[in-house]
file work-v9.cif (mmCIF, C-alpha atoms)
data_query
#
loop_
_atom_site.label_atom_id
_atom_site.label_comp_id
_atom_site.auth_asym_id
_atom_site.auth_seq_id
_atom_site.Cartn_x
_atom_site.Cartn_y
_atom_site.Cartn_z
CA MET A 1 107.65 79.72 92.82
CA ALA A 2 109.50 80.11 89.54
CA ARG A 3 109.15 82.72 86.85
CA SER A 4 107.53 81.57 83.61
CA PHE A 5 107.47 84.85 81.66
CA ASP A 6 110.37 87.16 80.86
CA GLY A 7 108.64 89.90 78.87
CA PRO A 8 107.41 93.27 80.12
CA ILE A 9 104.56 92.98 82.62
CA ALA A 10 102.46 95.28 80.39
CA GLU A 11 102.07 92.31 78.02
CA LEU A 12 100.12 90.49 80.75
CA LEU A 13 97.65 93.26 81.59
CA PRO A 14 95.07 95.32 79.73
CA HIS A 15 96.15 98.41 81.77
CA ARG A 16 98.09 101.12 79.96
CA GLY A 17 99.71 104.46 80.66
CA ALA A 18 99.28 105.96 84.11
CA MET A 19 96.83 103.21 85.08
CA LEU A 20 99.56 100.53 84.95
CA LEU A 21 100.81 100.53 88.55
CA VAL A 22 102.81 97.28 88.70
CA ASP A 23 106.30 97.12 87.25
CA ARG A 24 107.67 93.61 87.10
CA LEU A 25 106.75 89.95 87.40
CA LEU A 26 108.85 88.35 90.14
CA ALA A 27 107.51 84.79 90.28
CA ASP A 28 104.51 82.69 89.34
CA ASP A 29 103.09 79.20 89.25
CA ALA A 30 99.73 77.67 88.34
CA GLU A 31 98.07 79.01 91.49
CA SER A 32 99.89 82.20 92.40
CA VAL A 33 101.83 85.20 91.21
CA ARG A 34 104.13 87.78 92.80
CA VAL A 35 104.85 91.18 91.25
CA GLU A 36 106.75 94.33 92.14
CA ALA A 37 105.60 97.93 92.15
CA THR A 38 107.79 100.92 92.98
CA ILE A 39 106.02 104.11 94.06
CA LYS A 40 107.36 106.78 91.70
CA PRO A 41 107.03 110.58 91.75
CA GLY A 42 104.17 111.81 89.58
CA GLU A 43 102.24 108.53 89.67
CA LEU A 44 98.49 108.40 89.49
CA PHE A 45 96.82 108.66 92.94
CA LEU A 46 99.96 110.17 94.54
CA THR A 47 99.47 112.82 97.25
CA ASP A 48 101.97 114.89 99.23
CA GLU A 49 102.09 112.09 101.83
CA GLY A 50 102.61 109.31 99.26
CA MET A 51 100.28 106.81 97.64
CA PRO A 52 97.15 106.25 99.77
CA GLY A 53 96.95 102.82 101.38
CA TRP A 54 93.59 102.13 99.73
CA VAL A 55 95.39 101.98 96.36
CA GLY A 56 96.72 98.64 97.60
CA ILE A 57 93.41 97.17 96.39
CA GLU A 58 94.23 98.25 92.83
CA LEU A 59 97.78 96.90 93.16
CA MET A 60 96.30 93.56 94.23
CA ALA A 61 93.79 93.65 91.36
CA GLN A 62 96.58 94.26 88.85
CA THR A 63 98.51 91.38 90.38
CA VAL A 64 95.49 89.13 89.85
CA ALA A 65 95.23 90.47 86.28
CA SER A 66 98.85 89.52 85.63
CA TRP A 67 98.07 85.97 86.83
CA ALA A 68 95.10 85.84 84.42
CA GLY A 69 97.28 87.24 81.63
CA LEU A 70 99.83 84.49 82.20
CA ARG A 71 97.07 81.85 82.00
CA SER A 72 95.83 83.39 78.72
CA LEU A 73 99.30 83.35 77.17
CA GLU A 74 99.81 79.73 78.26
CA ALA A 75 96.54 78.83 76.49
CA LYS A 76 97.66 80.81 73.39
CA ARG A 77 94.80 83.28 73.84
CA PRO A 78 95.01 87.09 73.93
CA VAL A 79 95.08 88.83 77.29
CA GLN A 80 91.56 89.99 78.08
CA LEU A 81 89.80 92.44 80.33
CA GLY A 82 88.62 91.20 83.71
CA PHE A 83 86.43 92.77 86.37
CA LEU A 84 87.07 93.34 90.06
CA LEU A 85 83.74 92.39 91.65
CA GLY A 86 84.65 93.14 95.22
CA THR A 87 87.13 93.07 98.03
CA ARG A 88 86.67 91.43 101.39
CA LYS A 89 88.62 92.08 104.54
CA TYR A 90 91.05 94.65 103.12
CA GLN A 91 93.39 95.54 105.95
CA CYS A 92 96.32 97.88 105.51
CA SER A 93 98.67 98.92 108.30
CA ARG A 94 99.90 102.01 106.45
CA PRO A 95 97.86 105.08 105.56
CA PHE A 96 100.32 105.85 102.73
CA PHE A 97 103.04 104.09 100.74
CA PRO A 98 106.03 106.46 100.52
CA VAL A 99 107.56 107.57 97.23
CA GLY A 100 110.44 105.26 96.46
CA ALA A 101 108.91 102.29 98.31
CA ARG A 102 109.39 98.97 96.57
CA LEU A 103 106.28 96.89 97.18
CA GLU A 104 105.79 93.22 96.43
CA ILE A 105 102.27 91.98 95.87
CA GLU A 106 101.26 88.34 95.95
CA ALA A 107 97.97 86.80 94.79
CA ARG A 108 97.07 83.15 95.38
CA GLN A 109 94.13 81.51 93.65
CA GLU A 110 91.60 80.20 96.15
CA LEU A 111 88.85 79.36 93.64
CA VAL A 112 88.43 79.66 89.88
CA ALA A 113 85.13 78.51 88.42
CA GLU A 114 84.48 77.55 84.80
CA ASN A 115 82.21 80.58 84.35
CA GLY A 116 85.13 82.96 85.03
CA LEU A 117 84.44 83.81 88.68
CA ALA A 118 87.54 83.70 90.87
CA VAL A 119 88.63 84.36 94.43
CA PHE A 120 92.21 85.31 95.33
CA ALA A 121 93.97 85.75 98.66
CA CYS A 122 96.32 88.72 98.35
CA ARG A 123 99.17 90.13 100.41
CA LEU A 124 101.20 93.29 99.99
CA PHE A 125 104.76 93.44 101.34
CA LEU A 126 107.09 96.32 102.17
CA GLU A 127 110.66 95.35 103.05
CA GLY A 128 109.54 91.75 103.65
CA GLU A 129 106.75 92.74 106.08
CA VAL A 130 103.10 92.07 105.22
CA ILE A 131 101.43 95.48 105.36
CA ALA A 132 98.13 94.72 103.61
CA THR A 133 95.89 91.70 103.04
CA ALA A 134 92.60 91.12 101.27
CA GLN A 135 90.45 88.63 99.47
CA LEU A 136 89.57 89.74 95.92
CA ASN A 137 86.60 88.50 93.93
CA ALA A 138 87.07 88.81 90.19
CA PHE A 139 85.28 87.85 87.00
CA GLN A 140 86.69 87.18 83.56
CA PRO A 141 83.99 86.07 81.13
CA PRO A 142 84.99 83.59 78.42
CA ASN A 143 84.30 86.24 75.75
CA VAL A 144 84.58 89.81 77.06
CA ASP A 145 83.25 91.51 73.92
CA GLU A 146 80.17 89.30 73.87
CA TYR A 147 79.64 89.87 77.60
CA LEU A 148 79.86 93.66 77.26
CA ARG A 149 77.49 93.67 74.26
CA GLY A 150 75.02 91.69 76.38
CA LEU A 151 75.28 94.26 79.17
CA LEU A 152 74.68 97.13 76.75
CA ASN A 153 71.70 95.41 75.14
CA HIS A 154 70.09 94.54 78.47
CA GLY A 155 71.21 97.48 80.59
#

call {"tool": "encode", "arguments": {"input": "work-v9.cif", "output": "structure tokens"}}
result
Amino acid sequence: MARSFDGPIAELLPHRGAMLLVDRLLADDAESVRVEATIKPGELFLTDEGMPGWVGIELMAQTVASWAGLRSLEAKRPVQLGFLLGTRKYQCSRPFFPVGARLEIEARQELVAENGLAVFACRLFLEGEVIATAQLNAFQPPNVDEYLRGLLNHG
């Protein structure tokens, strides 16, 4: 896996401020992406024990979002909002990620349909060891604004 983007990872995601939990793009290709996240003092979701292991789902979702952001930039389109539809088989061997931990998160495309539905196999690493895995189901409509208007008008 090479690295195709050298800018700040925030340019690949719609997340901002405290909600941006990933720090750096490490590598990517047409089917996968690998990012880094360091657990810092004062971060969102942090407890006295560290960052709860369930936050790994959000780290994986942001990794998937960075992959989608890369695809948008390649197509000369703006980065758009996507939706996490669900998570299957999330398993995490750690109840907490300690402050100072440098995590690597990998997402590999399993399926991407023309309608914007996608499935990704994700892994979270700490010091080279896989400590969490999951399958994420996501949706990125072709036109997010139009999709949201449709939800509001029919909801």

call {"tool": "residues_around", "arguments": {"input": "work-v9.cif", "residues": "Gly100 in chain A", "least_positions_apart": "6", "cutoff": "12 Å", "atoms": "only C-alpha atoms", "output": "list in words"}}
result
Ala37, Thr38, Ile39, Lys40, Pro41, Gly42, Glu43, Leu46, Gly50, Met51, Leu126 and Glu127 of chain A

call {"tool": "closest_atom_pairs", "arguments": {"input": "work-v9.cif", "of": "range 16-62 of chain A", "to": "range 86-91 of chain A", "cutoff": "10 Å", "atoms": "all atoms listed in the file", "output": "CSV"}}
result
residue,atom,partner,partner_atom,distance
A:Gly53,CA,A:Gln91,CA,9.3
A:Trp54,CA,A:Tyr90,CA,8.6
A:Gly56,CA,A:Tyr90,CA,8.9
A:Ile57,CA,A:Tyr90,CA,7.6
A:Met60,CA,A:Thr87,CA,9.9
A:Ala61,CA,A:Thr87,CA,9.4

call {"tool": "resolve_selection", "arguments": {"input": "work-v9.cif", "expression": "the PyMOL selection byres ((chain A and resi 24) around 12)", "output": "PyMOL selection string"}}
result
chain A and resi 3+5-13+20-23+25-28+33-38+62-63+66+102-105

call {"tool": "atom_distance", "arguments": {"input": "work-v9.cif", "atom1": "CA of Asn143 in chain A", "atom2": "CA of Leu81 in chain A"}}
result
9.5 Å

call {"tool": "closest_residue", "arguments": {"input": "work-v9.cif", "among": "A:Glu31, A:Gln80, A:Asp48, A:Gly116", "to": "Val144 in chain A", "atoms": "only C-alpha atoms"}}
result
A:Gln80

call {"tool": "closest_residue", "arguments": {"input": "work-v9.cif", "among": "A:Glu146, A:Glu106, A:Glu114, A:Glu58", "to": "Met1 in chain A", "atoms": "all atoms listed in the file"}}
result
A:Glu106

call {"tool": "closest_residue", "arguments": {"input": "work-v9.cif", "among": "A:Val130, A:Cys122, A:Cys92, A:Leu148", "to": "Pro52 in chain A", "atoms": "all atoms listed in the file"}}
result
A:Cys92

call {"tool": "axis_aligned_box", "arguments": {"input": "work-v9.cif", "around": "range 66-74 of chain A", "padding_each_side": "6 Å", "output": "AutoDock Vina command-line options"}}
result
--center_x 97.5 --center_y 84.6 --center_z 82.0 --size_x 16.7 --size_y 21.8 --size_z 21.7

call {"tool": "atom_distance", "arguments": {"input": "work-v9.cif", "atom1": "CA of Asp145 in chain A", "atom2": "CA of Val64 in chain A"}}
result
20.2 Å

call {"tool": "decode", "arguments": {"input": "work-v9.cif", "residues": "range 92-103 of chain A", "atoms": "N, CA and C atoms", "output": "PDB file, in the first residue's frame"}}
result
ATOM      1  N   CYS A  92     -13.312  -6.404  20.469  1.00  0.00           N
ATOM      2  CA  CYS A  92     -12.188  -5.608  20.950  1.00  0.00           C
ATOM      3  C   CYS A  92     -11.615  -6.291  22.188  1.00  0.00           C
ATOM      4  N   SER A  93     -10.329  -6.517  22.181  1.00  0.00           N
ATOM      5  CA  SER A  93      -9.684  -7.225  23.296  1.00  0.00           C
ATOM      6  C   SER A  93      -9.306  -6.303  24.447  1.00  0.00           C
ATOM      7  N   ARG A  94      -9.535  -5.012  24.292  1.00  0.00           N
ATOM      8  CA  ARG A  94      -9.177  -4.049  25.334  1.00  0.00           C
ATOM      9  C   ARG A  94     -10.393  -3.258  25.784  1.00  0.00           C
ATOM     10  N   PRO A  95     -10.624  -3.144  27.088  1.00  0.00           N
ATOM     11  CA  PRO A  95     -11.749  -2.326  27.533  1.00  0.00           C
ATOM     12  C   PRO A  95     -11.483  -0.835  27.322  1.00  0.00           C
ATOM     13  N   PHE A  96     -10.200  -0.447  27.336  1.00  0.00           N
ATOM     14  CA  PHE A  96      -9.808   0.952  27.156  1.00  0.00           C
ATOM     15  C   PHE A  96      -8.524   1.027  26.342  1.00  0.00           C
ATOM     16  N   PHE A  97      -8.385   2.139  25.602  1.00  0.00           N
ATOM     17  CA  PHE A  97      -7.133   2.462  24.921  1.00  0.00           C
ATOM     18  C   PHE A  97      -6.447   3.519  25.784  1.00  0.00           C
ATOM     19  N   PRO A  98      -5.226   3.262  26.242  1.00  0.00           N
ATOM     20  CA  PRO A  98      -4.584   4.203  27.173  1.00  0.00           C
ATOM     21  C   PRO A  98      -4.179   5.516  26.506  1.00  0.00           C
ATOM     22  N   VAL A  99      -4.159   6.580  27.313  1.00  0.00           N
ATOM     23  CA  VAL A  99      -3.671   7.866  26.833  1.00  0.00           C
ATOM     24  C   VAL A  99      -2.232   7.672  26.370  1.00  0.00           C
ATOM     25  N   GLY A 100      -1.926   8.224  25.223  1.00  0.00           N
ATOM     26  CA  GLY A 100      -0.595   8.093  24.644  1.00  0.00           C
ATOM     27  C   GLY A 100      -0.480   6.945  23.654  1.00  0.00           C
ATOM     28  N   ALA A 101      -1.468   6.053  23.624  1.00  0.00           N
ATOM     29  CA  ALA A 101      -1.420   4.914  22.697  1.00  0.00           C
ATOM     30  C   ALA A 101      -1.498   5.413  21.257  1.00  0.00           C
ATOM     31  N   ARG A 102      -0.663   4.846  20.420  1.00  0.00           N
ATOM     32  CA  ARG A 102      -0.678   5.143  18.989  1.00  0.00           C
ATOM     33  C   ARG A 102      -1.353   3.966  18.303  1.00  0.00           C
ATOM     34  N   LEU A 103      -2.555   4.201  17.814  1.00  0.00           N
ATOM     35  CA  LEU A 103      -3.342   3.161  17.160  1.00  0.00           C
ATOM     36  C   LEU A 103      -3.229   3.301  15.650  1.00  0.00           C
TER      37      LEU A 103
END
